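Single-structure report; data block below.
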Amino acid sequence: MTTPRLIVSDVDRTLLTHDYVLPQRVADAVRAAKAKGTVVVLATARSPLGVKPFADRLGIADLVIAFNGGWIGNVATGSTISQQRISRADALYAMASAQAAGARPMWFADDAVFALTDDPLVAREATVTREPLFVAETLEALPGEPGKIMCVAGRASDREAFALLRETLGKQLSVSGSHPRLLEIGPLGVSKKTAISLVTARLGFAPDECAAAGDAENDLEMLAWAGTAMTVANALPHVMQLAHFIGPSCDEGGLADAIAWLMRSRQPRSTAAQSMGGRDG
């Protein structure tokens, strides 16, 4: 089969390990795919600032999808191709609802993160992506319109708040999980799938010429859209059911195995299930 024209990959717990490290063999696999002429795009719930170090290291900073599809652009220069923010009214309502539910909301602006309380779990999440964190004294003190809102759960019981927020906000905002303890909130209708569809339309690529890799709920639509779907062993069961190839855990650099398989035996979705017996484990 022909070399895939594009690979789009999630970042946390797919490209990176659980400890947010980029394994060298994954970096090498991305560079090898690029050397064969394949475009590689990162699609992440992170902010442009939060994903920039990895996009820079891989040499793919010129075209990145951030904020779960709400931002597309060049993270090296900051130039934007497409941007959709949460309206201020909806964002303030979401923050108030999340705070009332005990879900620890974080307001992501262009170059900083804002919270409503000084919470160690929120501080930890900001540390992961190395973004400045500020506490706003009131809702009204939150700046502008956010690229996204992310809610953090501590104990398993806290996640009951996530179900409430899905019900409360789901009709006016996009709500999905990037991890069992993280709930991502964005503009209605915005997703990694809508963003990569826009990117590939601009590039002139068809979905069957593209492969996607991801591990979580917010990757499902993107994986279903792509001609070839790949994942790693730590992915959610629903993600694994979509995958044509399942590599080892992200902690073992499993994405490198997926990319190597893809470059070796590119197969569109229409024929992969029959020829592979469903998927590789």
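Here's how to read the names in the structure tokens: chain A, B, ... by the order shown, residue numbers from 1 in each chain, ligand numbers from 1 in the order shown.
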
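Using only C-alpha atoms, the protein and nucleic acid residues lying no more than 12 Å from Ala61 of chain A, apart from those fewer than 2 places from it along its own chain, are Val39, Val40, Val41, Leu42, Ala43, Pro48, Leu49, Val51, Lys52, Pro53, Phe54, Ala55, Asp56, Arg57, Leu58, Gly59, Leu63, Val64, Ile65, Ala66, Ile72, Gly73, Asn74, Val75, Ala76, Thr77, Gly78 and Ser79 of chain A.
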
Original post:
When DSSP works through the backbone of this structure, what residues of segment 68-243 of chain A end up as helix (DSSP H, G or I), shown as a PyMOL selection string?
Top reply: chain A and resi 68-69+88-101+120-128+139-141+156-169+192-203+207-209+217-225+237-242

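Minimum atom-to-atom distance to His179 of chain A, evaluated using only C-alpha atoms, belongs to A:Asn234 out of A:Gln83, A:Asn234, A:Thr129, A:Thr194.
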
**OP:** May I ask for the distance between atom CA of Gln241 of chain A and atom CA of Thr14 of chain A, given in Å to one decimal place?
**Re:** 16.0 Å

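Using only C-alpha atoms for every distance, the candidate list A:Glu252, A:Glu217, A:Glu145, A:Glu209 yields A:Glu217 as the residue closest to Val175 of chain A.
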
Original post:
Tell me, which residues of segment 54-247 of chain A carry DSSP strand (DSSP E or B), written as a count of residues only?
Top reply: 50

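The nearest approach to Leu223 of chain A among the residues A:Arg85, A:Lys171, A:Lys192, A:Arg202, with only C-alpha atoms taken into account, belongs to A:Lys192.
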
Original post:
Counting only C-alpha atoms, what is within 8 Å of Leu165 of chain A, bar same-chain residues fewer than 3 positions away, as a list in words?
Top reply: Ser97, Ala98, Ala101, Ala161, Phe162, Thr168, Leu169 and Gly170 of chain A

Write the residues of the preceding selection, restricted to N, CA and C atoms, as a PDB file, in the first residue's frame.
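As written to disk, part_37.pdb reads:
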ATOM      1  N   SER A  97     -20.812  26.456  37.393  1.00  0.00           N
ATOM      2  CA  SER A  97     -21.426  25.130  37.550  1.00  0.00           C
ATOM      3  C   SER A  97     -20.403  24.118  38.053  1.00  0.00           C
ATOM      4  N   ALA A  98     -19.212  24.165  37.490  1.00  0.00           N
ATOM      5  CA  ALA A  98     -18.167  23.232  37.903  1.00  0.00           C
ATOM      6  C   ALA A  98     -17.727  23.487  39.342  1.00  0.00           C
ATOM      7  N   ALA A 101     -20.252  22.168  41.671  1.00  0.00           N
ATOM      8  CA  ALA A 101     -20.265  20.701  41.701  1.00  0.00           C
ATOM      9  C   ALA A 101     -19.018  20.118  42.361  1.00  0.00           C
ATOM     10  N   ALA A 161     -19.389  14.471  39.902  1.00  0.00           N
ATOM     11  CA  ALA A 161     -19.610  15.839  39.432  1.00  0.00           C
ATOM     12  C   ALA A 161     -19.491  15.928  37.917  1.00  0.00           C
ATOM     13  N   PHE A 162     -18.642  15.094  37.333  1.00  0.00           N
ATOM     14  CA  PHE A 162     -18.473  15.113  35.876  1.00  0.00           C
ATOM     15  C   PHE A 162     -19.770  14.730  35.179  1.00  0.00           C
ATOM     16  N   THR A 168     -25.580  19.067  32.583  1.00  0.00           N
ATOM     17  CA  THR A 168     -25.873  20.494  32.702  1.00  0.00           C
ATOM     18  C   THR A 168     -25.387  21.293  31.499  1.00  0.00           C
ATOM     19  N   LEU A 169     -24.200  20.929  30.972  1.00  0.00           N
ATOM     20  CA  LEU A 169     -23.546  21.748  29.951  1.00  0.00           C
ATOM     21  C   LEU A 169     -23.597  21.164  28.550  1.00  0.00           C
ATOM     22  N   GLY A 170     -23.972  19.901  28.432  1.00  0.00           N
ATOM     23  CA  GLY A 170     -23.833  19.185  27.171  1.00  0.00           C
ATOM     24  C   GLY A 170     -24.602  19.744  25.993  1.00  0.00           C
TER      25      GLY A 170
END

Subject >> All residues 7 Å or closer to Asn218 of chain A, only C-alpha atoms, same chain fewer than 4 positions away omitted, as a PyMOL selection string >> reply: chain A and resi 176-178

Those same residues, written as a PDB file, in the first residue's frame with all heavy atoms?
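selection.pdb was written with the following content:
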ATOM      1  N   SER A 176     -16.105  16.414  27.005  1.00  0.00           N
ATOM      2  CA  SER A 176     -15.549  15.068  26.823  1.00  0.00           C
ATOM      3  C   SER A 176     -14.399  14.851  27.790  1.00  0.00           C
ATOM      4  O   SER A 176     -13.839  15.811  28.333  1.00  0.00           O
ATOM      5  CB  SER A 176     -15.063  14.860  25.384  1.00  0.00           C
ATOM      6  OG  SER A 176     -13.987  15.731  25.096  1.00  0.00           O
ATOM      7  N   GLY A 177     -14.043  13.600  27.998  1.00  0.00           N
ATOM      8  CA  GLY A 177     -12.964  13.275  28.914  1.00  0.00           C
ATOM      9  C   GLY A 177     -11.660  13.038  28.185  1.00  0.00           C
ATOM     10  O   GLY A 177     -11.632  12.400  27.133  1.00  0.00           O
ATOM     11  N   SER A 178     -10.567  13.548  28.746  1.00  0.00           N
ATOM     12  CA  SER A 178      -9.244  13.231  28.218  1.00  0.00           C
ATOM     13  C   SER A 178      -8.518  12.252  29.130  1.00  0.00           C
ATOM     14  O   SER A 178      -7.457  11.729  28.780  1.00  0.00           O
ATOM     15  CB  SER A 178      -8.405  14.515  28.065  1.00  0.00           C
ATOM     16  OG  SER A 178      -8.296  15.201  29.304  1.00  0.00           O
TER      17      SER A 178
END

Subject >> Test item: residues at most 12 Å from segment 151-158 of chain A, only C-alpha atoms, excluding those fewer than 4 positions along its chain, as a VMD selection string >> reply: chain A and resid 94 to 108 114 to 116 119 to 126 162 to 166 175 to 186

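As for atom CA of Val239 of chain A and atom CA of Ile149 of chain A, they are spaced 23.5 Å apart.
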
Original post:
Could you state the separation of atom CA of Ala91 of chain A and atom CA of Val113 of chain A in Å, given to one decimal place?
Top reply: 13.7 Å

**OP:** Compile the contact shell of Arg31 of chain A as JSON, numbers by chain: residues with an atom at most 10 Å away, counting only C-alpha atoms, same-chain residues fewer than 4 positions apart removed.
**Re:** {"A": [25, 26, 27, 35, 36, 37, 38, 40, 58, 59, 60]}

Store the residues picked out above, limited to C-alpha atoms, as a PDB file, in the first residue's frame.
ATOM      1  CA  ARG A  25      11.979   5.734  20.052  1.00  0.00           C
ATOM      2  CA  VAL A  26       8.658   7.507  19.561  1.00  0.00           C
ATOM      3  CA  ALA A  27      10.499  10.650  18.490  1.00  0.00           C
ATOM      4  CA  ALA A  35      11.381  11.492   6.215  1.00  0.00           C
ATOM      5  CA  LYS A  36       9.115   9.369   4.005  1.00  0.00           C
ATOM      6  CA  GLY A  37       6.963  12.400   3.235  1.00  0.00           C
ATOM      7  CA  THR A  38       4.166  11.832   5.753  1.00  0.00           C
ATOM      8  CA  VAL A  40       2.563  14.479  11.238  1.00  0.00           C
ATOM      9  CA  LEU A  58       9.720  16.742  16.830  1.00  0.00           C
ATOM     10  CA  GLY A  59      10.078  19.502  14.243  1.00  0.00           C
ATOM     11  CA  ILE A  60       6.322  19.720  13.644  1.00  0.00           C
TER      12      ILE A  60
END

Original post:
Of the residues A:Val190, A:Ile81, A:Leu139, A:Leu203, which is the one nearest to Glu221 of chain A, using only C-alpha atoms?
Top reply: A:Val190

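Distance annotation: of A:Pro187, A:Pro132, A:Pro4, A:Pro23, the residue with the minimal separation from Arg88 of chain A is A:Pro187; atom set is only C-alpha atoms.
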